[in-house]
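Beneath this line is the structure, given in structure tokens, with notes to follow.
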Amino acid sequence: MSSAEDVSYERTKLERCPPGHNSRAAVLTSMAQALCDRFQREGVAAVLEEAIALRRAALELRPSGHPSRGVSLNSLACSLLGRFQKHAAMPDLEEVVELVREALPLHPSGHPDRPSLLHKLAFCLSKRYDNRRVVTDLEESVMLRQAALELHPPGHPDRGISLNNLACGLLKRFQKHAVLRDLEEAIELHHEALELHSSGHPDRSASLHNLALCLSNRYDHQGAVADLEEAVSLGRAALQLRPPGHPDRSISLKNLACDLRRKFQKHAEIRDLEEAIELHRATLKLHPSGHPDRRSSLHNLSICLLNKYENKEVFADLEEAVTFGCTALALCPPDH
């Protein structure tokens, strides 16, 4: 049955359950799920909007104390989070936080859905921290991820996800407070996650990329060349797993290029800088006019070309560096 047929079937069921019918909440829930499945396949915003409306209606029919209220809270939170990830509207994120906070006590320790709720709330608080920079959101997100990891002991199929999420939260906290133990723990967790994400695992590229990022941060903090060398090696491996067309290829291109420039600054080997320039050019092609990361791509390429001019004194490199730098500056808002 196609997604459209699924939705049509659920509509027929809903017509048979008018307001006041004992099964209306359940049918609203199943139809909303059919719409969410269709949205995942087709990406039509109106489909998601209808799913959200139906899940709100189902939640209203499941007041406090209803045995299925927790399910409805979680379901509505999932749909609103999907809309936030599409449009980045903060009211959606705020509502997800409220819904999950209410849902968590309804999913006590031992409930199979508790870890996913902990992850969801941690993710939302981390995103809210990115937007508002309220440190208590960052601290709580780390605490929630620690709690989720405790529910995924060695051997649990979701341990790798929890390791990665906590490590990313610790890196973010390190970037705020510069407490080295957070970075050290993040590296340990990413190493363990990478061991769980062996060759062929769908999350291996993310583990390689995230570990490289942490090692690069430690190099910046402590200057140990071995960290930089490992970061470059891991970054290359991650990029190989993100071929042209992969949604995360641009971030791998950028981070590897930045690490190669660091390596050039340390060892002054021009081939590292040449490769960094090639990678930044490839990144820029993936960030066309209007892309939110185009300015940073222009800036990074400009800096590398300026370094190349300083090393080889080819005037064309300086000219190009100035052109890219001016274009990046034009994209900066006046108050940046």
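Ligands are numbered from 1 in the order shown, residues from 1 within each chain, and chains are lettered A, B, ... in the order they appear in the structure tokens.
Counting only C-alpha atoms, range 150-160 of chain A has the following residues at most 8 Å away, ignoring those fewer than 4 positions along the same chain: A:Pro115, A:Gln146, A:Asn164, A:Glu192, A:Ala193, A:Leu194, A:Leu196, A:His197.
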Residues at most 9 Å from Arg114 in chain A, counting only C-alpha atoms, excluding those fewer than 5 positions away in the same chain, as a PDB file with all heavy atoms, in the first residue's frame?
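Full text of part_25.pdb as output:
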ATOM      1  N   LEU A 104       8.383  12.752  30.433  1.00  0.00           N
ATOM      2  CA  LEU A 104       9.429  11.974  31.113  1.00  0.00           C
ATOM      3  C   LEU A 104       8.949  11.279  32.391  1.00  0.00           C
ATOM      4  O   LEU A 104       9.220  10.084  32.590  1.00  0.00           O
ATOM      5  CB  LEU A 104      10.636  12.862  31.420  1.00  0.00           C
ATOM      6  CG  LEU A 104      11.789  12.786  30.409  1.00  0.00           C
ATOM      7  CD1 LEU A 104      12.859  13.822  30.750  1.00  0.00           C
ATOM      8  CD2 LEU A 104      12.402  11.386  30.389  1.00  0.00           C
ATOM      9  N   LEU A 106       6.155  10.140  33.021  1.00  0.00           N
ATOM     10  CA  LEU A 106       5.254   9.059  32.621  1.00  0.00           C
ATOM     11  C   LEU A 106       6.005   7.881  32.016  1.00  0.00           C
ATOM     12  O   LEU A 106       5.404   6.865  31.689  1.00  0.00           O
ATOM     13  CB  LEU A 106       4.230   9.594  31.604  1.00  0.00           C
ATOM     14  CG  LEU A 106       3.368  10.780  32.075  1.00  0.00           C
ATOM     15  CD1 LEU A 106       2.458  11.250  30.954  1.00  0.00           C
ATOM     16  CD2 LEU A 106       2.549  10.384  33.299  1.00  0.00           C
ATOM     17  N   HIS A 107       7.322   8.055  31.866  1.00  0.00           N
ATOM     18  CA  HIS A 107       8.189   6.989  31.350  1.00  0.00           C
ATOM     19  C   HIS A 107       9.322   6.783  32.351  1.00  0.00           C
ATOM     20  O   HIS A 107      10.456   7.197  32.114  1.00  0.00           O
ATOM     21  CB  HIS A 107       8.749   7.356  29.973  1.00  0.00           C
ATOM     22  CG  HIS A 107       7.701   7.550  28.918  1.00  0.00           C
ATOM     23  ND1 HIS A 107       6.980   8.725  28.789  1.00  0.00           N
ATOM     24  CD2 HIS A 107       7.259   6.732  27.938  1.00  0.00           C
ATOM     25  CE1 HIS A 107       6.138   8.615  27.775  1.00  0.00           C
ATOM     26  NE2 HIS A 107       6.286   7.408  27.243  1.00  0.00           N
ATOM     27  N   PRO A 108       9.028   6.173  33.496  1.00  0.00           N
ATOM     28  CA  PRO A 108      10.041   6.038  34.562  1.00  0.00           C
ATOM     29  C   PRO A 108      11.159   5.083  34.177  1.00  0.00           C
ATOM     30  O   PRO A 108      11.135   4.449  33.117  1.00  0.00           O
ATOM     31  CB  PRO A 108       9.226   5.498  35.735  1.00  0.00           C
ATOM     32  CG  PRO A 108       8.088   4.762  35.095  1.00  0.00           C
ATOM     33  CD  PRO A 108       7.761   5.521  33.850  1.00  0.00           C
ATOM     34  N   SER A 109      12.142   4.986  35.054  1.00  0.00           N
ATOM     35  CA  SER A 109      13.269   4.081  34.826  1.00  0.00           C
ATOM     36  C   SER A 109      12.767   2.671  34.516  1.00  0.00           C
ATOM     37  O   SER A 109      11.902   2.140  35.207  1.00  0.00           O
ATOM     38  CB  SER A 109      14.173   4.057  36.066  1.00  0.00           C
ATOM     39  OG  SER A 109      15.276   3.229  35.853  1.00  0.00           O
ATOM     40  N   HIS A 119      17.176  11.639  25.233  1.00  0.00           N
ATOM     41  CA  HIS A 119      17.923  12.143  24.078  1.00  0.00           C
ATOM     42  C   HIS A 119      17.212  13.329  23.436  1.00  0.00           C
ATOM     43  O   HIS A 119      17.834  14.324  23.063  1.00  0.00           O
ATOM     44  CB  HIS A 119      18.105  11.038  23.037  1.00  0.00           C
ATOM     45  CG  HIS A 119      19.242  10.112  23.318  1.00  0.00           C
ATOM     46  ND1 HIS A 119      20.518  10.556  23.588  1.00  0.00           N
ATOM     47  CD2 HIS A 119      19.307   8.757  23.355  1.00  0.00           C
ATOM     48  CE1 HIS A 119      21.317   9.520  23.796  1.00  0.00           C
ATOM     49  NE2 HIS A 119      20.603   8.422  23.664  1.00  0.00           N
ATOM     50  N   ALA A 148      21.071   8.983  29.778  1.00  0.00           N
ATOM     51  CA  ALA A 148      20.720   8.077  28.677  1.00  0.00           C
ATOM     52  C   ALA A 148      21.794   7.017  28.479  1.00  0.00           C
ATOM     53  O   ALA A 148      21.490   5.845  28.239  1.00  0.00           O
ATOM     54  CB  ALA A 148      20.519   8.883  27.393  1.00  0.00           C
ATOM     55  N   LEU A 151      21.587   4.085  30.693  1.00  0.00           N
ATOM     56  CA  LEU A 151      20.542   3.131  30.315  1.00  0.00           C
ATOM     57  C   LEU A 151      20.937   2.280  29.106  1.00  0.00           C
ATOM     58  O   LEU A 151      20.182   1.398  28.703  1.00  0.00           O
ATOM     59  CB  LEU A 151      19.230   3.882  30.021  1.00  0.00           C
ATOM     60  CG  LEU A 151      18.621   4.642  31.204  1.00  0.00           C
ATOM     61  CD1 LEU A 151      17.393   5.414  30.757  1.00  0.00           C
ATOM     62  CD2 LEU A 151      18.267   3.698  32.345  1.00  0.00           C
TER      63      LEU A 151
END
Closest-contact table, range 76-110 of chain A side, partner range 41-57 of chain A, 9 Å, counting only C-alpha atoms, as a tab-separated table:
residue	atom	partner	partner_atom	distance
A:Leu76	CA	A:Arg55	CA	5.5
A:Ser79	CA	A:Ile52	CA	6.0
A:Leu80	CA	A:Ile52	CA	7.0
A:Gly82	CA	A:Leu48	CA	8.3
A:Arg83	CA	A:Leu48	CA	7.5
A:Lys86	CA	A:Ala45	CA	9.0
Near-Phe123 in chain A list (12 Å; only C-alpha atoms; drop same-chain fewer than 3 positions) as a short mmCIF file (atom, residue, chain, number, x, y, z; two decimals) with N, CA, C and O atoms, in the first residue's frame:
data_model
loop_
_atom_site.label_atom_id
_atom_site.label_comp_id
_atom_site.auth_asym_id
_atom_site.auth_seq_id
_atom_site.Cartn_x
_atom_site.Cartn_y
_atom_site.Cartn_z
N CYS A 78 7.53 14.70 18.67
CA CYS A 78 8.29 14.25 17.49
C CYS A 78 7.92 15.06 16.25
O CYS A 78 8.79 15.47 15.48
N LEU A 81 9.20 18.62 16.55
CA LEU A 81 10.64 18.63 16.37
C LEU A 81 11.00 18.53 14.89
O LEU A 81 11.91 19.20 14.40
N PHE A 84 10.49 21.89 13.51
CA PHE A 84 11.59 22.78 13.92
C PHE A 84 12.83 22.54 13.06
O PHE A 84 13.50 23.49 12.63
N GLN A 85 13.13 21.28 12.80
CA GLN A 85 14.32 20.97 12.00
C GLN A 85 14.18 21.45 10.56
O GLN A 85 15.18 21.67 9.88
N LEU A 93 10.40 24.56 19.16
CA LEU A 93 11.40 23.97 20.05
C LEU A 93 10.97 24.11 21.50
O LEU A 93 11.09 23.17 22.29
N GLU A 94 10.47 25.29 21.86
CA GLU A 94 10.02 25.52 23.23
C GLU A 94 8.89 24.56 23.60
O GLU A 94 8.85 24.00 24.70
N VAL A 96 8.29 21.61 22.28
CA VAL A 96 8.83 20.25 22.41
C VAL A 96 9.43 20.06 23.79
O VAL A 96 9.23 19.02 24.44
N VAL A 97 10.17 21.04 24.27
CA VAL A 97 10.77 20.96 25.61
C VAL A 97 9.68 20.76 26.66
O VAL A 97 9.80 19.89 27.55
N VAL A 100 8.08 17.15 26.33
CA VAL A 100 8.96 16.05 26.77
C VAL A 100 9.16 16.11 28.28
O VAL A 100 9.23 15.07 28.94
N SER A 116 15.00 7.42 24.71
CA SER A 116 14.75 8.29 23.55
C SER A 116 14.21 9.64 23.99
O SER A 116 14.53 10.68 23.39
N LEU A 117 13.42 9.67 25.05
CA LEU A 117 12.93 10.94 25.58
C LEU A 117 14.06 11.77 26.18
O LEU A 117 14.12 12.99 26.00
N LEU A 118 14.97 11.10 26.88
CA LEU A 118 16.14 11.80 27.42
C LEU A 118 16.96 12.42 26.29
O LEU A 118 17.38 13.58 26.38
N HIS A 119 17.18 11.64 25.23
CA HIS A 119 17.92 12.14 24.08
C HIS A 119 17.21 13.33 23.44
O HIS A 119 17.83 14.32 23.06
N LYS A 120 15.88 13.20 23.30
CA LYS A 120 15.11 14.26 22.64
C LYS A 120 15.19 15.57 23.43
O LYS A 120 15.42 16.64 22.84
N SER A 126 20.14 21.51 23.84
CA SER A 126 21.40 21.86 23.17
C SER A 126 21.15 22.85 22.04
O SER A 126 21.89 23.81 21.86
N LYS A 127 20.07 22.61 21.27
CA LYS A 127 19.72 23.54 20.20
C LYS A 127 19.32 24.91 20.77
O LYS A 127 19.66 25.95 20.20
N ARG A 128 18.60 24.89 21.89
CA ARG A 128 18.21 26.16 22.51
C ARG A 128 19.44 26.90 23.03
O ARG A 128 19.51 28.14 22.95
N TYR A 129 20.40 26.15 23.54
CA TYR A 129 21.67 26.77 23.96
C TYR A 129 22.36 27.44 22.76
O TYR A 129 22.87 28.56 22.87
N ASP A 130 22.38 26.74 21.62
CA ASP A 130 22.99 27.33 20.42
C ASP A 130 22.35 28.65 20.05
O ASP A 130 23.03 29.56 19.55
N ASP A 137 21.02 25.45 29.97
CA ASP A 137 20.53 24.52 28.95
C ASP A 137 21.62 23.54 28.54
O ASP A 137 21.38 22.35 28.38
N LEU A 138 22.83 24.05 28.38
CA LEU A 138 23.97 23.19 28.01
C LEU A 138 24.25 22.18 29.12
O LEU A 138 24.44 20.98 28.86
N GLU A 139 24.27 22.64 30.35
CA GLU A 139 24.55 21.74 31.48
C GLU A 139 23.49 20.65 31.59
O GLU A 139 23.81 19.47 31.81
N GLU A 140 22.22 21.04 31.46
CA GLU A 140 21.17 20.04 31.57
C GLU A 140 21.22 19.05 30.42
O GLU A 140 20.97 17.84 30.62
N SER A 141 21.56 19.50 29.22
CA SER A 141 21.64 18.59 28.09
C SER A 141 22.72 17.54 28.32
O SER A 141 22.53 16.36 27.98
N VAL A 142 23.85 17.94 28.89
CA VAL A 142 24.92 16.98 29.19
C VAL A 142 24.45 15.99 30.24
O VAL A 142 24.67 14.77 30.12
N MET A 143 23.79 16.48 31.29
CA MET A 143 23.29 15.60 32.35
C MET A 143 22.30 14.57 31.81
O MET A 143 22.35 13.38 32.15
N LEU A 144 21.42 15.01 30.93
CA LEU A 144 20.43 14.09 30.34
C LEU A 144 21.10 13.04 29.46
O LEU A 144 20.70 11.86 29.45
N ARG A 145 22.13 13.43 28.74
CA ARG A 145 22.85 12.47 27.90
C ARG A 145 23.64 11.47 28.74
O ARG A 145 23.78 10.31 28.35
N ALA A 148 21.07 8.98 29.78
CA ALA A 148 20.72 8.08 28.68
C ALA A 148 21.79 7.02 28.48
O ALA A 148 21.49 5.85 28.24
N SER A 162 24.33 6.75 22.11
CA SER A 162 24.45 7.48 23.38
C SER A 162 25.87 7.97 23.61
O SER A 162 26.09 9.08 24.11
N ASN A 165 26.31 11.03 21.33
CA ASN A 165 25.56 12.20 21.78
C ASN A 165 26.19 12.86 23.00
O ASN A 165 26.30 14.09 23.07
N LEU A 166 26.61 12.04 23.95
CA LEU A 166 27.25 12.60 25.15
C LEU A 166 28.58 13.25 24.79
O LEU A 166 28.90 14.34 25.27
N CYS A 168 29.44 14.63 21.99
CA CYS A 168 29.19 15.91 21.33
C CYS A 168 28.79 16.99 22.33
O CYS A 168 29.20 18.15 22.21
N GLY A 169 28.00 16.61 23.34
CA GLY A 169 27.64 17.56 24.38
C GLY A 169 28.84 18.01 25.19
O GLY A 169 28.96 19.20 25.53
#
So that I can check the surroundings of Ala276 in chain A, please list as a JSON list (two decimals) with N, CA, C and O atoms, in the first residue's frame every protein, DNA and RNA residue that reaches within 8 Å of it, counting only C-alpha atoms and ignoring chain neighbours fewer than 6 positions away.
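Output file selection_26.json follows:
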[["chain", "number", "residue", "atom", "x", "y", "z"],
["A", 256, "LEU", "N", 38.46, 18.84, 7.10],
["A", 256, "LEU", "CA", 39.75, 18.29, 6.66],
["A", 256, "LEU", "C", 40.63, 19.41, 6.11],
["A", 256, "LEU", "O", 41.83, 19.45, 6.39],
["A", 257, "ALA", "N", 40.05, 20.32, 5.35],
["A", 257, "ALA", "CA", 40.82, 21.44, 4.81],
["A", 257, "ALA", "C", 41.41, 22.29, 5.94],
["A", 257, "ALA", "O", 42.58, 22.69, 5.88],
["A", 258, "CYS", "N", 40.62, 22.55, 6.97],
["A", 258, "CYS", "CA", 41.11, 23.35, 8.09],
["A", 258, "CYS", "C", 42.25, 22.65, 8.82],
["A", 258, "CYS", "O", 43.22, 23.29, 9.24],
["A", 260, "LEU", "N", 44.30, 20.46, 7.47],
["A", 260, "LEU", "CA", 45.48, 20.49, 6.59],
["A", 260, "LEU", "C", 46.16, 21.85, 6.65],
["A", 260, "LEU", "O", 47.40, 21.94, 6.57],
["A", 261, "ARG", "N", 45.39, 22.91, 6.78],
["A", 261, "ARG", "CA", 46.01, 24.24, 6.94],
["A", 261, "ARG", "C", 46.75, 24.31, 8.27],
["A", 261, "ARG", "O", 47.85, 24.89, 8.34],
["A", 304, "CYS", "N", 43.48, 30.71, 3.02],
["A", 304, "CYS", "CA", 44.44, 29.74, 2.48],
["A", 304, "CYS", "C", 45.19, 30.32, 1.28],
["A", 304, "CYS", "O", 46.40, 30.11, 1.13]]
(message) Can you pull out the residues contacting range 324-330 of chain A? Cut-off 7 Å, using only C-alpha atoms, and skip same-chain residues under 2 positions away; I want them as a ChimeraX atom specification.
(response) /A:295,298-299,302,320-322,332
Could you turn the residues from that selection into a file that holds all heavy atoms, as a PDB file, in the first residue's frame?
ATOM      1  N   ARG A 295      29.482  32.329   3.302  1.00  0.00           N
ATOM      2  CA  ARG A 295      30.423  33.337   3.778  1.00  0.00           C
ATOM      3  C   ARG A 295      31.655  32.711   4.412  1.00  0.00           C
ATOM      4  O   ARG A 295      32.787  33.108   4.137  1.00  0.00           O
ATOM      5  CB  ARG A 295      29.730  34.276   4.776  1.00  0.00           C
ATOM      6  CG  ARG A 295      30.660  35.361   5.331  1.00  0.00           C
ATOM      7  CD  ARG A 295      29.894  36.310   6.239  1.00  0.00           C
ATOM      8  NE  ARG A 295      29.255  35.613   7.340  1.00  0.00           N
ATOM      9  CZ  ARG A 295      29.879  35.258   8.464  1.00  0.00           C
ATOM     10  NH1 ARG A 295      31.169  35.512   8.613  1.00  0.00           N
ATOM     11  NH2 ARG A 295      29.223  34.644   9.421  1.00  0.00           N
ATOM     12  N   LEU A 298      33.925  31.183   1.733  1.00  0.00           N
ATOM     13  CA  LEU A 298      34.695  32.226   1.056  1.00  0.00           C
ATOM     14  C   LEU A 298      35.855  32.701   1.929  1.00  0.00           C
ATOM     15  O   LEU A 298      36.990  32.865   1.451  1.00  0.00           O
ATOM     16  CB  LEU A 298      33.778  33.402   0.722  1.00  0.00           C
ATOM     17  CG  LEU A 298      32.760  33.178  -0.397  1.00  0.00           C
ATOM     18  CD1 LEU A 298      31.649  34.226  -0.308  1.00  0.00           C
ATOM     19  CD2 LEU A 298      33.429  33.228  -1.766  1.00  0.00           C
ATOM     20  N   HIS A 299      35.573  32.900   3.207  1.00  0.00           N
ATOM     21  CA  HIS A 299      36.605  33.364   4.141  1.00  0.00           C
ATOM     22  C   HIS A 299      37.737  32.341   4.264  1.00  0.00           C
ATOM     23  O   HIS A 299      38.927  32.708   4.199  1.00  0.00           O
ATOM     24  CB  HIS A 299      35.967  33.627   5.508  1.00  0.00           C
ATOM     25  CG  HIS A 299      36.967  33.941   6.579  1.00  0.00           C
ATOM     26  ND1 HIS A 299      37.580  35.165   6.695  1.00  0.00           N
ATOM     27  CD2 HIS A 299      37.473  33.161   7.585  1.00  0.00           C
ATOM     28  CE1 HIS A 299      38.419  35.140   7.721  1.00  0.00           C
ATOM     29  NE2 HIS A 299      38.358  33.951   8.274  1.00  0.00           N
ATOM     30  N   SER A 302      39.839  32.271   1.167  1.00  0.00           N
ATOM     31  CA  SER A 302      40.638  33.490   1.087  1.00  0.00           C
ATOM     32  C   SER A 302      41.881  33.407   1.972  1.00  0.00           C
ATOM     33  O   SER A 302      42.991  33.759   1.551  1.00  0.00           O
ATOM     34  CB  SER A 302      39.783  34.695   1.499  1.00  0.00           C
ATOM     35  OG  SER A 302      40.557  35.869   1.524  1.00  0.00           O
ATOM     36  N   GLU A 320      43.105  36.661  -5.926  1.00  0.00           N
ATOM     37  CA  GLU A 320      41.953  35.794  -5.663  1.00  0.00           C
ATOM     38  C   GLU A 320      41.568  35.851  -4.186  1.00  0.00           C
ATOM     39  O   GLU A 320      40.381  35.848  -3.835  1.00  0.00           O
ATOM     40  CB  GLU A 320      42.269  34.364  -6.097  1.00  0.00           C
ATOM     41  CG  GLU A 320      41.032  33.497  -6.224  1.00  0.00           C
ATOM     42  CD  GLU A 320      41.326  32.101  -6.764  1.00  0.00           C
ATOM     43  OE1 GLU A 320      42.506  31.728  -6.905  1.00  0.00           O
ATOM     44  OE2 GLU A 320      40.344  31.376  -7.028  1.00  0.00           O
ATOM     45  N   ALA A 321      42.569  35.912  -3.313  1.00  0.00           N
ATOM     46  CA  ALA A 321      42.299  36.007  -1.874  1.00  0.00           C
ATOM     47  C   ALA A 321      41.512  37.271  -1.558  1.00  0.00           C
ATOM     48  O   ALA A 321      40.554  37.246  -0.768  1.00  0.00           O
ATOM     49  CB  ALA A 321      43.602  35.975  -1.088  1.00  0.00           C
ATOM     50  N   VAL A 322      41.900  38.384  -2.176  1.00  0.00           N
ATOM     51  CA  VAL A 322      41.199  39.649  -1.952  1.00  0.00           C
ATOM     52  C   VAL A 322      39.767  39.567  -2.474  1.00  0.00           C
ATOM     53  O   VAL A 322      38.815  40.009  -1.806  1.00  0.00           O
ATOM     54  CB  VAL A 322      41.960  40.812  -2.622  1.00  0.00           C
ATOM     55  CG1 VAL A 322      41.117  42.082  -2.598  1.00  0.00           C
ATOM     56  CG2 VAL A 322      43.291  41.050  -1.924  1.00  0.00           C
ATOM     57  N   CYS A 332      28.553  39.677   5.284  1.00  0.00           N
ATOM     58  CA  CYS A 332      28.461  39.872   6.742  1.00  0.00           C
ATOM     59  C   CYS A 332      27.387  40.916   7.050  1.00  0.00           C
ATOM     60  O   CYS A 332      27.404  42.008   6.471  1.00  0.00           O
ATOM     61  CB  CYS A 332      29.797  40.346   7.298  1.00  0.00           C
ATOM     62  SG  CYS A 332      30.992  39.061   7.579  1.00  0.00           S
TER      63      CYS A 332
END
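For the pair CA of Leu241 in chain A and CA of Leu228 in chain A, the separation is 20.2 Å.
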